[in-house]
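Colleague: Take a look at run-v4.cif, mmCIF, C-alpha atoms and all ligand atoms:
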```
data_model
#
loop_
_atom_site.group_PDB
_atom_site.id
_atom_site.type_symbol
_atom_site.label_atom_id
_atom_site.label_comp_id
_atom_site.auth_asym_id
_atom_site.auth_seq_id
_atom_site.Cartn_x
_atom_site.Cartn_y
_atom_site.Cartn_z
ATOM 1 C CA MET A 1 128.212 101.217 99.509
ATOM 2 C CA LYS A 2 125.270 102.942 101.186
ATOM 3 C CA ARG A 3 125.169 102.576 104.970
ATOM 4 C CA VAL A 4 122.414 102.706 107.606
ATOM 5 C CA ALA A 5 122.682 102.907 111.403
ATOM 6 C CA LEU A 6 120.103 100.601 112.976
ATOM 7 C CA ILE A 7 119.199 101.686 116.523
ATOM 8 C CA ASN A 8 117.137 98.765 117.761
ATOM 9 C CA ASP A 9 117.169 95.753 120.104
ATOM 10 C CA LEU A 10 118.530 92.257 119.499
ATOM 11 C CA SER A 11 115.954 89.629 120.464
ATOM 12 C CA GLY A 12 116.805 85.919 120.315
ATOM 13 C CA PHE A 13 113.243 84.954 119.421
ATOM 14 C CA GLY A 14 110.478 86.898 117.714
ATOM 15 C CA LYS A 15 112.050 87.733 114.325
ATOM 16 C CA CYS A 16 111.750 91.430 115.124
ATOM 17 C CA SER A 17 113.923 94.537 115.484
ATOM 18 C CA LEU A 18 117.585 93.824 114.514
ATOM 19 C CA THR A 19 116.990 90.202 113.447
ATOM 20 C CA ALA A 20 114.450 91.591 110.956
ATOM 21 C CA ALA A 21 116.280 94.776 109.956
ATOM 22 C CA ILE A 22 119.802 93.408 109.379
ATOM 23 C CA PRO A 23 118.881 90.745 106.770
ATOM 24 C CA VAL A 24 116.435 93.040 104.952
ATOM 25 C CA ILE A 25 118.816 96.011 104.760
ATOM 26 C CA SER A 26 121.703 93.706 103.773
ATOM 27 C CA VAL A 27 119.861 91.903 100.976
ATOM 28 C CA MET A 28 118.947 95.322 99.579
ATOM 29 C CA GLY A 29 122.663 95.994 99.117
ATOM 30 C CA ILE A 30 123.085 98.397 102.017
ATOM 31 C CA GLN A 31 125.525 98.051 104.926
ATOM 32 C CA ALA A 32 123.674 97.525 108.220
ATOM 33 C CA CYS A 33 125.426 99.006 111.284
ATOM 34 C CA PRO A 34 123.615 97.926 114.459
ATOM 35 C CA LEU A 35 123.551 100.061 117.596
ATOM 36 C CA PRO A 36 121.808 97.748 120.098
ATOM 37 C CA THR A 37 119.397 99.334 122.588
ATOM 38 C CA ALA A 38 118.963 96.067 124.504
ATOM 39 C CA VAL A 39 119.722 92.365 124.181
ATOM 40 C CA LEU A 40 116.792 90.103 125.027
ATOM 41 C CA THR A 41 116.364 86.348 125.166
ATOM 42 C CA ALA A 42 113.060 86.877 123.336
ATOM 43 C CA GLN A 43 110.766 89.782 122.419
ATOM 44 C CA THR A 44 108.537 91.038 125.209
ATOM 45 C CA GLY A 45 105.351 89.381 123.930
ATOM 46 C CA PHE A 46 106.627 86.044 125.306
ATOM 47 C CA SER A 47 105.451 85.280 128.832
ATOM 48 C CA GLU A 48 109.066 85.210 130.076
ATOM 49 C CA PHE A 49 112.215 86.902 128.841
ATOM 50 C CA TYR A 50 115.477 88.351 130.137
ATOM 51 C CA CYS A 51 116.434 91.865 128.985
ATOM 52 C CA ASP A 52 119.938 93.335 129.171
ATOM 53 C CA ASP A 53 119.361 97.079 128.855
ATOM 54 C CA TYR A 54 122.055 98.825 126.752
ATOM 55 C CA THR A 55 121.314 102.436 127.763
ATOM 56 C CA ASP A 56 124.777 102.880 129.303
ATOM 57 C CA LYS A 57 126.527 101.417 126.249
ATOM 58 C CA MET A 58 124.797 103.444 123.543
ATOM 59 C CA ASP A 59 127.062 106.508 123.809
ATOM 60 C CA TYR A 60 130.149 104.313 123.265
ATOM 61 C CA PHE A 61 128.819 103.514 119.804
ATOM 62 C CA THR A 62 128.148 107.185 119.069
ATOM 63 C CA GLU A 63 131.553 108.335 120.306
ATOM 64 C CA GLN A 64 133.551 105.502 118.737
ATOM 65 C CA TRP A 65 131.796 105.805 115.362
ATOM 66 C CA LYS A 66 132.393 109.580 115.453
ATOM 67 C CA LYS A 67 136.104 108.972 116.157
ATOM 68 C CA MET A 68 136.205 106.536 113.236
ATOM 69 C CA GLY A 69 134.987 109.376 111.010
ATOM 70 C CA VAL A 70 132.157 107.330 109.505
ATOM 71 C CA SER A 71 128.888 108.754 108.191
ATOM 72 C CA PHE A 72 125.469 107.294 107.380
ATOM 73 C CA ASP A 73 123.090 107.580 104.440
ATOM 74 C CA GLY A 74 120.281 106.607 106.770
ATOM 75 C CA ILE A 75 119.460 106.329 110.465
ATOM 76 C CA TYR A 76 116.635 104.020 111.496
ATOM 77 C CA SER A 77 115.534 103.975 115.136
ATOM 78 C CA GLY A 78 113.094 101.400 116.499
ATOM 79 C CA TYR A 79 112.587 99.727 119.883
ATOM 80 C CA LEU A 80 113.951 101.753 122.800
ATOM 81 C CA ALA A 81 114.071 100.016 126.172
ATOM 82 C CA GLY A 82 113.191 103.071 128.276
ATOM 83 C CA THR A 83 112.733 106.851 128.395
ATOM 84 C CA SER A 84 116.415 107.595 129.028
ATOM 85 C CA GLN A 85 117.281 106.075 125.627
ATOM 86 C CA ILE A 86 115.444 108.941 123.862
ATOM 87 C CA ALA A 87 118.254 111.351 124.853
ATOM 88 C CA LYS A 88 120.822 108.825 123.603
ATOM 89 C CA VAL A 89 119.166 108.738 120.167
ATOM 90 C CA MET A 90 118.946 112.563 120.170
ATOM 91 C CA HIS A 91 122.673 112.685 120.869
ATOM 92 C CA PHE A 92 123.320 110.234 118.034
ATOM 93 C CA LEU A 93 121.249 112.433 115.696
ATOM 94 C CA GLU A 94 123.206 115.536 116.737
ATOM 95 C CA GLN A 95 126.393 113.732 115.730
ATOM 96 C CA PHE A 96 125.261 111.976 112.554
ATOM 97 C CA GLN A 97 122.101 113.564 111.082
ATOM 98 C CA GLU A 98 123.306 115.671 108.168
ATOM 99 C CA GLU A 99 121.762 117.309 105.118
ATOM 100 C CA GLY A 100 120.727 114.354 102.979
ATOM 101 C CA THR A 101 120.715 111.738 105.784
ATOM 102 C CA LEU A 102 117.388 109.925 105.830
ATOM 103 C CA TYR A 103 116.117 109.637 109.398
ATOM 104 C CA LEU A 104 113.371 107.062 109.766
ATOM 105 C CA ALA A 105 111.821 106.835 113.249
ATOM 106 C CA ASP A 106 109.602 103.892 114.032
ATOM 107 C CA PRO A 107 107.908 105.113 117.245
ATOM 108 C CA VAL A 108 107.604 101.628 118.801
ATOM 109 C CA MET A 109 105.362 102.136 121.843
ATOM 110 C CA GLY A 110 102.379 99.837 121.771
ATOM 111 C CA ASP A 111 99.647 97.951 119.963
ATOM 112 C CA HIS A 112 95.882 97.381 120.203
ATOM 113 C CA GLY A 113 95.422 100.747 121.922
ATOM 114 C CA LYS A 114 97.849 99.988 124.773
ATOM 115 C CA PHE A 115 101.426 100.878 125.671
ATOM 116 C CA TYR A 116 104.096 98.150 125.687
ATOM 117 C CA SER A 117 105.607 97.671 129.158
ATOM 118 C CA MET A 118 108.539 100.089 128.609
ATOM 119 C CA ALA A 119 106.287 102.987 127.499
ATOM 120 C CA ASN A 120 104.348 105.571 129.516
ATOM 121 C CA ASP A 121 103.426 109.264 129.152
ATOM 122 C CA GLU A 122 107.026 110.422 129.628
ATOM 123 C CA PHE A 123 108.241 107.937 127.019
ATOM 124 C CA LEU A 124 105.503 109.199 124.665
ATOM 125 C CA ALA A 125 106.654 112.811 125.137
ATOM 126 C CA GLY A 126 110.172 111.713 124.141
ATOM 127 C CA MET A 127 108.897 109.754 121.137
ATOM 128 C CA ARG A 128 107.021 112.873 119.986
ATOM 129 C CA GLU A 129 110.305 114.808 120.086
ATOM 130 C CA LEU A 130 112.186 112.107 118.173
ATOM 131 C CA SER A 131 109.400 111.851 115.606
ATOM 132 C CA GLN A 132 109.634 115.589 114.966
ATOM 133 C CA MET A 133 113.248 115.107 113.835
ATOM 134 C CA ALA A 134 112.374 112.408 111.292
ATOM 135 C CA ASP A 135 111.919 112.445 107.525
ATOM 136 C CA VAL A 136 109.712 109.376 107.764
ATOM 137 C CA ILE A 137 107.800 107.839 110.662
ATOM 138 C CA THR A 138 106.052 104.463 110.574
ATOM 139 C CA PRO A 139 103.619 104.241 113.510
ATOM 140 C CA ASN A 140 100.995 101.531 113.755
ATOM 141 C CA LEU A 141 97.488 102.845 114.399
ATOM 142 C CA THR A 142 97.952 102.693 118.186
ATOM 143 C CA GLU A 143 101.205 104.668 118.000
ATOM 144 C CA LEU A 144 99.664 107.187 115.593
ATOM 145 C CA CYS A 145 96.861 107.836 118.104
ATOM 146 C CA PHE A 146 99.372 108.236 120.947
ATOM 147 C CA LEU A 147 101.507 110.672 118.913
ATOM 148 C CA ALA A 148 98.473 112.691 117.750
ATOM 149 C CA GLY A 149 96.826 112.719 121.197
ATOM 150 C CA ALA A 150 93.772 110.902 119.817
ATOM 151 C CA ASP A 151 91.643 108.282 121.531
ATOM 152 C CA TYR A 152 92.333 104.868 119.927
ATOM 153 C CA GLU A 153 88.934 103.421 120.832
ATOM 154 C CA ALA A 154 87.116 106.455 119.390
ATOM 155 C CA VAL A 155 89.201 106.341 116.190
ATOM 156 C CA THR A 156 88.744 102.598 115.582
ATOM 157 C CA ALA A 157 85.024 102.808 116.419
ATOM 158 C CA CYS A 158 84.718 104.581 113.045
ATOM 159 C CA ARG A 159 86.318 101.742 111.058
ATOM 160 C CA HIS A 160 83.073 101.004 109.203
ATOM 161 C CA GLU A 161 82.657 104.614 108.070
ATOM 162 C CA ALA A 162 83.442 105.524 104.459
ATOM 163 C CA ASP A 163 85.784 108.306 105.620
ATOM 164 C CA TYR A 164 87.865 106.119 108.012
ATOM 165 C CA THR A 165 91.138 106.564 106.116
ATOM 166 C CA ASP A 166 90.446 110.321 105.785
ATOM 167 C CA ARG A 167 90.141 110.520 109.570
ATOM 168 C CA ILE A 168 93.460 108.680 109.934
ATOM 169 C CA LYS A 169 94.981 111.006 107.334
ATOM 170 C CA SER A 170 94.011 114.058 109.375
ATOM 171 C CA LEU A 171 95.774 112.560 112.424
ATOM 172 C CA CYS A 172 98.891 112.168 110.245
ATOM 173 C CA GLU A 173 98.626 115.809 109.194
ATOM 174 C CA ARG A 174 98.376 116.868 112.831
ATOM 175 C CA ILE A 175 101.722 115.153 113.473
ATOM 176 C CA MET A 176 103.329 116.423 110.252
ATOM 177 C CA ALA A 177 102.469 120.014 111.212
ATOM 178 C CA LYS A 178 104.763 119.707 114.261
ATOM 179 C CA ALA A 179 107.702 118.134 112.380
ATOM 180 C CA LYS A 180 110.937 120.105 111.946
ATOM 181 C CA LYS A 181 111.056 119.222 108.224
ATOM 182 C CA PRO A 182 108.706 117.952 105.482
ATOM 183 C CA GLN A 183 107.651 114.552 106.719
ATOM 184 C CA THR A 184 106.097 111.350 105.431
ATOM 185 C CA VAL A 185 103.889 109.382 107.821
ATOM 186 C CA VAL A 186 103.235 105.744 106.952
ATOM 187 C CA VAL A 187 100.563 104.231 109.194
ATOM 188 C CA THR A 188 100.758 100.446 109.310
ATOM 189 C CA GLY A 189 98.312 97.717 110.270
ATOM 190 C CA ILE A 190 94.986 99.482 109.607
ATOM 191 C CA LEU A 191 92.270 96.809 109.881
ATOM 192 C CA ILE A 192 89.182 97.318 107.759
ATOM 193 C CA GLU A 193 86.294 94.901 107.177
ATOM 194 C CA LYS A 194 84.446 95.049 103.853
ATOM 195 C CA GLU A 195 81.514 92.742 103.118
ATOM 196 C CA GLY A 196 82.621 90.267 105.775
ATOM 197 C CA VAL A 197 86.253 90.152 104.582
ATOM 198 C CA GLU A 198 89.054 91.613 106.706
ATOM 199 C CA TYR A 199 91.855 93.651 105.128
ATOM 200 C CA VAL A 200 95.025 95.125 106.594
ATOM 201 C CA GLY A 201 96.227 98.361 105.085
ATOM 202 C CA ASN A 202 98.983 100.946 105.171
ATOM 203 C CA LEU A 203 98.321 104.629 104.635
ATOM 204 C CA ALA A 204 101.144 106.901 103.445
ATOM 205 C CA VAL A 205 100.743 110.650 103.808
ATOM 206 C CA SER A 206 103.168 113.365 102.741
ATOM 207 C CA ALA A 207 102.651 116.958 101.586
ATOM 208 C CA GLY A 208 100.520 116.761 98.458
ATOM 209 C CA GLN A 209 100.429 112.961 98.364
ATOM 210 C CA CYS A 210 98.348 110.300 100.059
ATOM 211 C CA PHE A 211 97.753 106.679 99.163
ATOM 212 C CA TYR A 212 96.501 103.495 100.723
ATOM 213 C CA VAL A 213 97.680 99.917 100.025
ATOM 214 C CA GLU A 214 95.858 96.929 101.479
ATOM 215 C CA THR A 215 95.972 93.118 101.457
ATOM 216 C CA ARG A 216 93.768 90.374 102.893
ATOM 217 C CA TYR A 217 94.165 89.964 106.688
ATOM 218 C CA THR A 218 94.948 86.450 107.936
ATOM 219 C CA GLY A 219 93.399 87.138 111.343
ATOM 220 C CA ILE A 220 96.679 87.053 113.282
ATOM 221 C CA GLY A 221 99.027 89.919 114.079
ATOM 222 C CA TYR A 222 102.541 88.445 114.002
ATOM 223 C CA SER A 223 105.593 89.623 115.924
ATOM 224 C CA GLY A 224 108.053 91.643 113.878
ATOM 225 C CA THR A 225 105.865 92.439 110.875
ATOM 226 C CA GLY A 226 106.024 96.169 111.639
ATOM 227 C CA ASP A 227 109.836 95.962 111.850
ATOM 228 C CA LEU A 228 110.101 94.030 108.576
ATOM 229 C CA PHE A 229 107.779 96.540 106.898
ATOM 230 C CA THR A 230 109.773 99.530 108.136
ATOM 231 C CA SER A 231 113.073 97.879 107.162
ATOM 232 C CA VAL A 232 111.908 97.367 103.562
ATOM 233 C CA VAL A 233 110.637 100.954 103.404
ATOM 234 C CA CYS A 234 113.968 102.194 104.795
ATOM 235 C CA GLY A 235 116.070 100.155 102.343
ATOM 236 C CA SER A 236 113.874 101.148 99.410
ATOM 237 C CA LEU A 237 114.053 104.867 100.172
ATOM 238 C CA ILE A 238 117.844 104.708 100.647
ATOM 239 C CA ASN A 239 118.017 102.979 97.257
ATOM 240 C CA GLY A 240 116.110 105.852 95.653
ATOM 241 C CA LEU A 241 112.609 104.397 95.297
ATOM 242 C CA SER A 242 109.572 106.660 95.781
ATOM 243 C CA VAL A 243 107.456 106.407 98.945
ATOM 244 C CA ARG A 244 104.734 104.646 96.936
ATOM 245 C CA GLU A 245 107.173 102.087 95.505
ATOM 246 C CA ALA A 246 108.703 101.536 98.950
ATOM 247 C CA VAL A 247 105.350 100.967 100.661
ATOM 248 C CA GLU A 248 104.116 98.644 97.901
ATOM 249 C CA LYS A 249 107.335 96.623 98.006
ATOM 250 C CA ALA A 250 107.073 96.260 101.795
ATOM 251 C CA THR A 251 103.382 95.337 101.710
ATOM 252 C CA PHE A 252 103.707 92.602 99.097
ATOM 253 C CA PHE A 253 106.951 91.206 100.570
ATOM 254 C CA LEU A 254 105.215 90.749 103.916
ATOM 255 C CA GLN A 255 101.999 89.343 102.513
ATOM 256 C CA GLU A 256 103.600 86.092 101.362
ATOM 257 C CA ALA A 257 105.650 85.654 104.537
ATOM 258 C CA ILE A 258 102.550 86.197 106.697
ATOM 259 C CA GLU A 259 100.350 83.887 104.636
ATOM 260 C CA GLU A 260 102.928 81.104 104.898
ATOM 261 C CA ALA A 261 103.259 81.539 108.680
ATOM 262 C CA ALA A 262 99.468 81.430 109.037
ATOM 263 C CA ALA A 263 99.198 78.287 106.858
ATOM 264 C CA LEU A 264 101.868 76.598 109.009
ATOM 265 C CA GLU A 265 100.110 77.780 112.196
ATOM 266 C CA ILE A 266 103.281 79.374 113.547
ATOM 267 C CA PRO A 267 102.554 80.931 116.981
ATOM 268 C CA ARG A 268 102.252 84.719 116.618
ATOM 269 C CA ASN A 269 105.102 85.493 119.041
ATOM 270 C CA HIS A 270 107.599 83.629 116.828
ATOM 271 C CA GLY A 271 107.106 85.878 113.789
ATOM 272 C CA VAL A 272 106.739 85.160 110.069
ATOM 273 C CA GLN A 273 108.563 83.118 107.395
ATOM 274 C CA PHE A 274 110.316 86.114 105.882
ATOM 275 C CA GLU A 275 113.698 84.444 105.280
ATOM 276 C CA LYS A 276 112.406 82.479 102.281
ATOM 277 C CA TYR A 277 111.217 85.668 100.592
ATOM 278 C CA LEU A 278 114.300 87.852 101.109
ATOM 279 C CA PHE A 279 115.374 87.090 97.520
ATOM 280 C CA LYS A 280 112.386 89.135 96.320
ATOM 281 C CA LEU A 281 114.129 92.226 97.706
ATOM 282 C CA LEU A 282 117.346 91.664 95.737
HETATM 283 O O1 LIG B 1 108.362 94.513 117.090
HETATM 284 C C1 LIG B 1 108.405 95.478 118.074
HETATM 285 C C2 LIG B 1 109.248 95.002 119.213
HETATM 286 C C3 LIG B 1 110.628 95.128 119.150
HETATM 287 N N1 LIG B 1 111.436 94.692 120.136
HETATM 288 C C4 LIG B 1 110.924 94.108 121.231
HETATM 289 C C5 LIG B 1 109.545 93.954 121.365
HETATM 290 C C6 LIG B 1 108.689 94.414 120.344
HETATM 291 C C7 LIG B 1 107.247 94.261 120.460
HETATM 292 O O2 LIG B 1 106.709 93.702 121.388
HETATM 293 O O3 LIG B 1 109.070 93.341 122.463
HETATM 294 C C8 LIG B 1 111.846 93.630 122.304
#
```
Write out the structure in this file as structure tokens.

Modeller:
Amino acid sequence: MKRVALINDLSGFGKCSLTAAIPVISVMGIQACPLPTAVLTAQTGFSEFYCDDYTDKMDYFTEQWKKMGVSFDGIYSGYLAGTSQIAKVMHFLEQFQEEGTLYLADPVMGDHGKFYSMANDEFLAGMRELSQMADVITPNLTELCFLAGADYEAVTACRHEADYTDRIKSLCERIMAKAKKPQTVVVTGILIEKEGVEYVGNLAVSAGQCFYVETRYTGIGYSGTGDLFTSVVCGSLINGLSVREAVEKATFFLQEAIEEAAALEIPRNHGVQFEKYLFKLL
């Protein structure tokens, strides 16, 4: 059985990070091996939460798994609770990233042009280093701008221009040029309005290939949708699908779960109704 190491947090509420990744990776027939970065009562978008930071425990996983002699077909890193966790992930990569291991880095750092509370310029510098090691990265538009050193407000001010996705593509290429290996950048959550209708799109860029997939936007950005998206892309690539197939599968899987959450008026911090649609990934 294929096996993926999931370096991410465990949040009691929010349907994000490990509570999104484990079911998705499992239903796709792949063994999910969690390496928790933190355990939280709820994701950090809630007004109150308690966070147990796992920085000091991460190396135990690396060392014990190394002693066990296990290996991974994929490594997927997501939410890191602070800058010192970057070195822990680097150490994990030194031990487990081999020829043929897919490393997918989701550079979780912020949204709507702003850093999340755990991120700052030092954290960003570390995320740039981690991203350079990855085969695939899945930043949202905010994270793409941070990684590329671009101004989010200036970039999104052009969202009505015909060449908006070309501008985003050139930011991807700027990042890809610094990567240690051929890299695919999948930018998630690109909002575009056309004739009064809002769409949310994902742009995938790799050497010699670029495509854009979009769906109608419900008007609410839900917790965990980026993590669900990245998990489906990760599982699909490990199972041998192309980047295009992986991105399409992730986009359409999420669309139904998001639409149902919106129809039921689920509060955005609680995440989407993905559980009912997991069978579509079988
Ligand atoms: O979905 C990204 C994410 C993951 N984990 C935690 C978060 C967030 C986004 O806010 O707070 C704990």

Colleague: Between CA of Cys51 (chain A) and CA of Phe274 (chain A), what is the distance, to one decimal in Å?

Modeller: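 So the two atoms, CA of Cys51 (chain A) and CA of Phe274 (chain A), lie 24.6 Å apart.
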
Colleague: Which chains and residue numbers are within 10 Å of ligand LIG 1 (chain B), counting only C-alpha atoms and all ligand atoms, if I want them as a PDB file with C-alpha atoms, in the coordinates of the input?

Modeller:
```
ATOM      1  CA  ASN A   8     117.137  98.765 117.761  1.00  0.00           C
ATOM      2  CA  ASP A   9     117.169  95.753 120.104  1.00  0.00           C
ATOM      3  CA  LEU A  10     118.530  92.257 119.499  1.00  0.00           C
ATOM      4  CA  SER A  11     115.954  89.629 120.464  1.00  0.00           C
ATOM      5  CA  GLY A  12     116.805  85.919 120.315  1.00  0.00           C
ATOM      6  CA  PHE A  13     113.243  84.954 119.421  1.00  0.00           C
ATOM      7  CA  GLY A  14     110.478  86.898 117.714  1.00  0.00           C
ATOM      8  CA  LYS A  15     112.050  87.733 114.325  1.00  0.00           C
ATOM      9  CA  CYS A  16     111.750  91.430 115.124  1.00  0.00           C
ATOM     10  CA  SER A  17     113.923  94.537 115.484  1.00  0.00           C
ATOM     11  CA  LEU A  18     117.585  93.824 114.514  1.00  0.00           C
ATOM     12  CA  THR A  19     116.990  90.202 113.447  1.00  0.00           C
ATOM     13  CA  ALA A  20     114.450  91.591 110.956  1.00  0.00           C
ATOM     14  CA  THR A  37     119.397  99.334 122.588  1.00  0.00           C
ATOM     15  CA  ALA A  38     118.963  96.067 124.504  1.00  0.00           C
ATOM     16  CA  VAL A  39     119.722  92.365 124.181  1.00  0.00           C
ATOM     17  CA  LEU A  40     116.792  90.103 125.027  1.00  0.00           C
ATOM     18  CA  THR A  41     116.364  86.348 125.166  1.00  0.00           C
ATOM     19  CA  ALA A  42     113.060  86.877 123.336  1.00  0.00           C
ATOM     20  CA  GLN A  43     110.766  89.782 122.419  1.00  0.00           C
ATOM     21  CA  THR A  44     108.537  91.038 125.209  1.00  0.00           C
ATOM     22  CA  GLY A  45     105.351  89.381 123.930  1.00  0.00           C
ATOM     23  CA  PHE A  46     106.627  86.044 125.306  1.00  0.00           C
ATOM     24  CA  PHE A  49     112.215  86.902 128.841  1.00  0.00           C
ATOM     25  CA  CYS A  51     116.434  91.865 128.985  1.00  0.00           C
ATOM     26  CA  GLY A  78     113.094 101.400 116.499  1.00  0.00           C
ATOM     27  CA  TYR A  79     112.587  99.727 119.883  1.00  0.00           C
ATOM     28  CA  LEU A  80     113.951 101.753 122.800  1.00  0.00           C
ATOM     29  CA  ALA A  81     114.071 100.016 126.172  1.00  0.00           C
ATOM     30  CA  ASP A 106     109.602 103.892 114.032  1.00  0.00           C
ATOM     31  CA  PRO A 107     107.908 105.113 117.245  1.00  0.00           C
ATOM     32  CA  VAL A 108     107.604 101.628 118.801  1.00  0.00           C
ATOM     33  CA  MET A 109     105.362 102.136 121.843  1.00  0.00           C
ATOM     34  CA  GLY A 110     102.379  99.837 121.771  1.00  0.00           C
ATOM     35  CA  ASP A 111      99.647  97.951 119.963  1.00  0.00           C
ATOM     36  CA  PHE A 115     101.426 100.878 125.671  1.00  0.00           C
ATOM     37  CA  TYR A 116     104.096  98.150 125.687  1.00  0.00           C
ATOM     38  CA  SER A 117     105.607  97.671 129.158  1.00  0.00           C
ATOM     39  CA  MET A 118     108.539 100.089 128.609  1.00  0.00           C
ATOM     40  CA  TYR A 222     102.541  88.445 114.002  1.00  0.00           C
ATOM     41  CA  SER A 223     105.593  89.623 115.924  1.00  0.00           C
ATOM     42  CA  GLY A 224     108.053  91.643 113.878  1.00  0.00           C
ATOM     43  CA  THR A 225     105.865  92.439 110.875  1.00  0.00           C
ATOM     44  CA  GLY A 226     106.024  96.169 111.639  1.00  0.00           C
ATOM     45  CA  ASP A 227     109.836  95.962 111.850  1.00  0.00           C
ATOM     46  CA  LEU A 228     110.101  94.030 108.576  1.00  0.00           C
ATOM     47  CA  ASN A 269     105.102  85.493 119.041  1.00  0.00           C
ATOM     48  CA  GLY A 271     107.106  85.878 113.789  1.00  0.00           C
TER      49      GLY A 271
END
```

Colleague: Distance CA of Gln31 (chain A)-CA of Arg3 (chain A), one decimal place?

Modeller: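 Distance between the two atoms: 4.5 Å.
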
Colleague: Go ahead and compute the interatomic distance for CA of Ile168 (chain A) and CA of Gln183 (chain A), in Å to one decimal.

Modeller: 15.7 Å

Colleague: For this structure, which residues satisfy the selection - the PyMOL selection byres (((chain A and resi 88) around 10) and not hetatm) - when it is evaluated on the file as given? I want them as a list in words.

Modeller: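 Expected selection for the PyMOL selection byres (((chain A and resi 88) around 10) and not hetatm) here is Thr37, Thr55, Asp56, Lys57, Met58, Asp59, Thr62, Leu80, Thr83, Ser84, Gln85, Ile86, Ala87, Val89, Met90, His91, Phe92, Leu93 and Glu94 of chain A.
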
Colleague: Quick check on the file I pasted: which residues fall under the PyMOL selection byres (((chain A and resi 245-253) around 6) and not hetatm)? Write them as a ChimeraX atom specification.

Modeller: /A:229,232-233,236,241-244,254-255
